[in-house]
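Here the structure comes first, spelled out in structure tokens, and everything after it is commentary.
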Amino acid sequence: MRRPALVPLLLLPLVAAAAIAEERKLTITESTAVAADGTRIYYRVAGSGDDVVLAPFAVLHGAQLDGLASAKRRIVTYDPRGRGRSATVPPEKVSLDLLLSDLEAVRKAVDAESIAIIGWQHDELTIDVRCSKGTYIRTLGEDIGAALGCGAHLDTLRRVASGALGIEAATTLAQLDGLDEASLDARLLPPDALVAAWPRVVLTNEDAGRFLAGVRRRLDLDDAPALRVYGPERGAFLGTGHVVAGELIASRLLSPAEVGDLVAARRQPFTVSESLSA
């Protein structure tokens, strides 16, 4: 599961990166995108590949971020409307919505499905990281500084999501303060919310009992590295498993008492686009 984080880094003065681009023979292209209102937005692309890092104010950064580019990663810098090489516009045509329109136009122009947006002010760089478990963000900050040739260290780290869970759905401590026990319980998500994106398997009563006992079950299922497993009753989340050579093998299990509590509460698991049944 991927986890995003907002990461400001403090950077020492940057070295000139044009020589880096030349030494590494990076592909450099320049073009313009057209925003929703017709404004032309200048952008510059260094490197290639599906991974995209997008930073505003190309007029300020120039080639300074080229050290992060590679054959698998594109560094895209652009000038928002009215700045640098982008079209000059009157003040009434500069707003948050229009600036977001500029960003979306550039994103579409470079055919990027997901991006890491960089904000840069003085010696502080802010990036959005989507990563798998085991990624050391502090080390990533040091690596970015090394790639830029200037050094860097982590200043602030803020996790904004984990798997299917996002901070926008979180409850603050102030909101929790003063709630009674029933209201607090109502704020809790079911345990399968953590694996909501995994394929789903529903077992019969007999197979569910054996699965909870840790017994492998041979079922008509394709091999799968991670599944969420349910009994036949609504909300009966049993745990997680995986399939090897047609055998469903338990990975992490709830206790029978815990499954009973879920069924009693009749909590529906999250809806996902992909499901399996057995």
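Scheme for the structure tokens: letters A, B, ... for chains in order shown; per-chain residue numbers from 1; ligand numbers from 1 in order shown.
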
Task: DSSP alpha helix (DSSP H) residues within range 81-223 of chain A, as an NGL selection string - done: :A and (96-109 or 137-148 or 173-176 or 181-186 or 205-212)

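Neighbouring residues of Arg216 in chain A at 8 Å or closer, counting only C-alpha atoms and skipping chain neighbours under 3 positions away, are A:Arg210, A:Phe211, A:Glu247, A:Leu248, A:Ile249, A:Ala250.
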
Please, could you write that set of residues out with N, CA and C atoms as a PDB file, in the first residue's frame?
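What follows is the written file again.pdb:
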```pdb
ATOM      1  N   ARG A 210     -12.876 -23.438   9.365  1.00  0.00           N
ATOM      2  CA  ARG A 210     -11.550 -24.028   9.202  1.00  0.00           C
ATOM      3  C   ARG A 210     -10.495 -22.943   8.958  1.00  0.00           C
ATOM      4  N   PHE A 211     -10.876 -21.915   8.195  1.00  0.00           N
ATOM      5  CA  PHE A 211      -9.924 -20.821   7.933  1.00  0.00           C
ATOM      6  C   PHE A 211      -9.542 -20.136   9.240  1.00  0.00           C
ATOM      7  N   GLU A 247      -4.472 -23.108  -2.924  1.00  0.00           N
ATOM      8  CA  GLU A 247      -4.737 -23.208  -1.491  1.00  0.00           C
ATOM      9  C   GLU A 247      -4.850 -21.819  -0.872  1.00  0.00           C
ATOM     10  N   LEU A 248      -5.945 -21.590  -0.129  1.00  0.00           N
ATOM     11  CA  LEU A 248      -6.118 -20.352   0.621  1.00  0.00           C
ATOM     12  C   LEU A 248      -5.427 -20.510   1.968  1.00  0.00           C
ATOM     13  N   ILE A 249      -4.442 -19.664   2.229  1.00  0.00           N
ATOM     14  CA  ILE A 249      -3.618 -19.759   3.432  1.00  0.00           C
ATOM     15  C   ILE A 249      -3.813 -18.502   4.263  1.00  0.00           C
ATOM     16  N   ALA A 250      -4.087 -18.646   5.541  1.00  0.00           N
ATOM     17  CA  ALA A 250      -4.299 -17.498   6.424  1.00  0.00           C
ATOM     18  C   ALA A 250      -3.002 -16.724   6.623  1.00  0.00           C
TER      19      ALA A 250
END
```

TODO: Determine which residues of range 24-250 of chain A DSSP labels as strand (DSSP E or B) from the backbone of this structure, then write them out as a PyMOL selection string.
DONE: chain A and resi 28-34+40-47+51-56+73-78+116-117+119-121+124-131+152-154+158-159+161-162+165-166+200-202+217-218+224-230+237-244+247-250

Output for the residues just chosen: C-alpha atoms as a PDB file, in the first residue's frame:
```pdb
ATOM      1  CA  ILE A  28      15.403  18.191 -22.466  1.00  0.00           C
ATOM      2  CA  THR A  29      12.228  19.499 -24.127  1.00  0.00           C
ATOM      3  CA  GLU A  30      10.323  22.781 -23.889  1.00  0.00           C
ATOM      4  CA  SER A  31       6.736  23.470 -24.895  1.00  0.00           C
ATOM      5  CA  THR A  32       3.491  25.201 -23.906  1.00  0.00           C
ATOM      6  CA  ALA A  33       0.207  23.860 -22.564  1.00  0.00           C
ATOM      7  CA  VAL A  34      -3.155  25.571 -22.958  1.00  0.00           C
ATOM      8  CA  ARG A  40      -0.641  29.442 -22.762  1.00  0.00           C
ATOM      9  CA  ILE A  41       1.575  27.954 -20.018  1.00  0.00           C
ATOM     10  CA  TYR A  42       5.293  27.371 -20.610  1.00  0.00           C
ATOM     11  CA  TYR A  43       6.863  24.153 -19.309  1.00  0.00           C
ATOM     12  CA  ARG A  44      10.206  22.368 -19.504  1.00  0.00           C
ATOM     13  CA  VAL A  45      10.791  18.590 -19.240  1.00  0.00           C
ATOM     14  CA  ALA A  46      14.070  16.912 -18.253  1.00  0.00           C
ATOM     15  CA  GLY A  47      14.442  13.132 -18.399  1.00  0.00           C
ATOM     16  CA  ASP A  51       7.368   8.982 -12.824  1.00  0.00           C
ATOM     17  CA  VAL A  52       6.830  12.747 -12.886  1.00  0.00           C
ATOM     18  CA  VAL A  53       7.996  15.446 -10.480  1.00  0.00           C
ATOM     19  CA  LEU A  54       6.312  18.768 -11.239  1.00  0.00           C
ATOM     20  CA  ALA A  55       7.571  22.097  -9.890  1.00  0.00           C
ATOM     21  CA  PRO A  56       6.209  25.601 -10.513  1.00  0.00           C
ATOM     22  CA  ARG A  73      11.795   9.995 -14.039  1.00  0.00           C
ATOM     23  CA  ARG A  74      10.751  13.265 -15.660  1.00  0.00           C
ATOM     24  CA  ILE A  75      11.292  16.606 -13.953  1.00  0.00           C
ATOM     25  CA  VAL A  76       8.703  19.083 -15.218  1.00  0.00           C
ATOM     26  CA  THR A  77       9.032  22.773 -14.351  1.00  0.00           C
ATOM     27  CA  TYR A  78       6.491  25.338 -15.512  1.00  0.00           C
ATOM     28  CA  ALA A 116       4.833  14.838  -7.007  1.00  0.00           C
ATOM     29  CA  ILE A 117       4.326  18.590  -6.742  1.00  0.00           C
ATOM     30  CA  GLY A 119       7.015  23.987  -3.863  1.00  0.00           C
ATOM     31  CA  TRP A 120      10.245  25.934  -3.499  1.00  0.00           C
ATOM     32  CA  GLN A 121      10.807  29.067  -1.458  1.00  0.00           C
ATOM     33  CA  GLU A 124      13.036  25.113   1.494  1.00  0.00           C
ATOM     34  CA  LEU A 125      11.721  22.465  -0.883  1.00  0.00           C
ATOM     35  CA  THR A 126       8.283  20.863  -0.315  1.00  0.00           C
ATOM     36  CA  ILE A 127       7.474  17.599  -2.060  1.00  0.00           C
ATOM     37  CA  ASP A 128       4.580  15.141  -2.075  1.00  0.00           C
ATOM     38  CA  VAL A 129       5.799  11.537  -1.776  1.00  0.00           C
ATOM     39  CA  ARG A 130       3.749   8.433  -2.570  1.00  0.00           C
ATOM     40  CA  CYS A 131       5.706   5.422  -1.382  1.00  0.00           C
ATOM     41  CA  ALA A 152      19.612  18.559   2.329  1.00  0.00           C
ATOM     42  CA  HIS A 153      17.949  17.467   5.549  1.00  0.00           C
ATOM     43  CA  LEU A 154      14.347  16.872   6.591  1.00  0.00           C
ATOM     44  CA  ARG A 158       3.379  15.090   7.698  1.00  0.00           C
ATOM     45  CA  ARG A 159       1.600  11.865   6.748  1.00  0.00           C
ATOM     46  CA  ALA A 161      -2.784   9.112   3.985  1.00  0.00           C
ATOM     47  CA  SER A 162      -2.140   5.429   4.539  1.00  0.00           C
ATOM     48  CA  LEU A 165      -7.331   6.073   4.668  1.00  0.00           C
ATOM     49  CA  GLY A 166      -6.887   9.811   4.117  1.00  0.00           C
ATOM     50  CA  ARG A 200     -12.428 -10.137  -1.444  1.00  0.00           C
ATOM     51  CA  VAL A 201     -13.195 -13.808  -0.800  1.00  0.00           C
ATOM     52  CA  VAL A 202     -16.435 -15.021   0.827  1.00  0.00           C
ATOM     53  CA  ARG A 217      -8.430 -24.642   2.215  1.00  0.00           C
ATOM     54  CA  ARG A 218      -8.117 -25.865  -1.375  1.00  0.00           C
ATOM     55  CA  ALA A 224      -3.026 -14.067  -5.140  1.00  0.00           C
ATOM     56  CA  PRO A 225      -0.529 -12.429  -2.757  1.00  0.00           C
ATOM     57  CA  ALA A 226      -3.128 -10.725  -0.545  1.00  0.00           C
ATOM     58  CA  LEU A 227      -6.863 -11.206   0.004  1.00  0.00           C
ATOM     59  CA  ARG A 228      -9.432 -10.099   2.574  1.00  0.00           C
ATOM     60  CA  VAL A 229     -11.522 -13.033   3.703  1.00  0.00           C
ATOM     61  CA  TYR A 230     -15.137 -13.070   4.958  1.00  0.00           C
ATOM     62  CA  PHE A 237     -14.447 -10.205   8.336  1.00  0.00           C
ATOM     63  CA  LEU A 238     -12.229 -13.159   9.242  1.00  0.00           C
ATOM     64  CA  GLY A 239      -8.806 -11.759   8.399  1.00  0.00           C
ATOM     65  CA  THR A 240      -6.387 -11.757   5.504  1.00  0.00           C
ATOM     66  CA  GLY A 241      -4.887 -14.537   3.446  1.00  0.00           C
ATOM     67  CA  HIS A 242      -3.108 -15.456   0.239  1.00  0.00           C
ATOM     68  CA  VAL A 243      -3.532 -18.152  -2.404  1.00  0.00           C
ATOM     69  CA  VAL A 244      -0.707 -20.445  -3.534  1.00  0.00           C
ATOM     70  CA  GLU A 247      -4.737 -23.208  -1.491  1.00  0.00           C
ATOM     71  CA  LEU A 248      -6.118 -20.352   0.621  1.00  0.00           C
ATOM     72  CA  ILE A 249      -3.618 -19.759   3.432  1.00  0.00           C
ATOM     73  CA  ALA A 250      -4.299 -17.498   6.424  1.00  0.00           C
TER      74      ALA A 250
END
```

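Within 8 Å of Gly246 in chain A, once only C-alpha atoms are used and residues closer than 3 positions along the same chain are dropped, the contacting residues are Arg218, Leu219, Asp220, Leu221, Asp222, Asp223 and Val243 of chain A.
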
Would you write out those residues with N, CA and C atoms, as a short mmCIF file (atom, residue, chain, number, x, y, z; two decimals), in the first residue's frame?
```cif
data_model
loop_
_atom_site.label_atom_id
_atom_site.label_comp_id
_atom_site.auth_asym_id
_atom_site.auth_seq_id
_atom_site.Cartn_x
_atom_site.Cartn_y
_atom_site.Cartn_z
N ARG A 218 -8.33 -25.80 0.07
CA ARG A 218 -8.12 -25.86 -1.37
C ARG A 218 -9.39 -25.40 -2.07
N LEU A 219 -9.30 -24.28 -2.79
CA LEU A 219 -10.46 -23.65 -3.42
C LEU A 219 -10.14 -23.34 -4.88
N ASP A 220 -11.19 -23.08 -5.63
CA ASP A 220 -11.03 -22.76 -7.04
C ASP A 220 -10.69 -21.28 -7.19
N LEU A 221 -9.48 -20.90 -6.81
CA LEU A 221 -9.03 -19.51 -6.85
C LEU A 221 -7.67 -19.43 -7.52
N ASP A 222 -7.46 -18.35 -8.24
CA ASP A 222 -6.14 -18.10 -8.80
C ASP A 222 -5.18 -17.67 -7.70
N ASP A 223 -3.89 -17.87 -7.92
CA ASP A 223 -2.90 -17.41 -6.95
C ASP A 223 -3.04 -15.91 -6.73
N VAL A 243 -3.27 -16.90 -1.70
CA VAL A 243 -3.53 -18.15 -2.40
C VAL A 243 -2.27 -18.59 -3.13
#
```

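Relative to CA of Asp261 in chain A, CA of Ala236 in chain A is found at 8.9 Å.
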
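The space separating CA of Leu203 in chain A from CA of Gly231 in chain A comes to 5.1 Å.
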
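Here CA of Thr135 in chain A is placed at a distance of 13.0 Å from CA of Leu157 in chain A.
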
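With only C-alpha atoms as the basis for measurement, A:Leu68 is the residue among A:Arg83, A:Asp37, A:Ala63, A:Leu68 that approaches Asp143 in chain A most closely.
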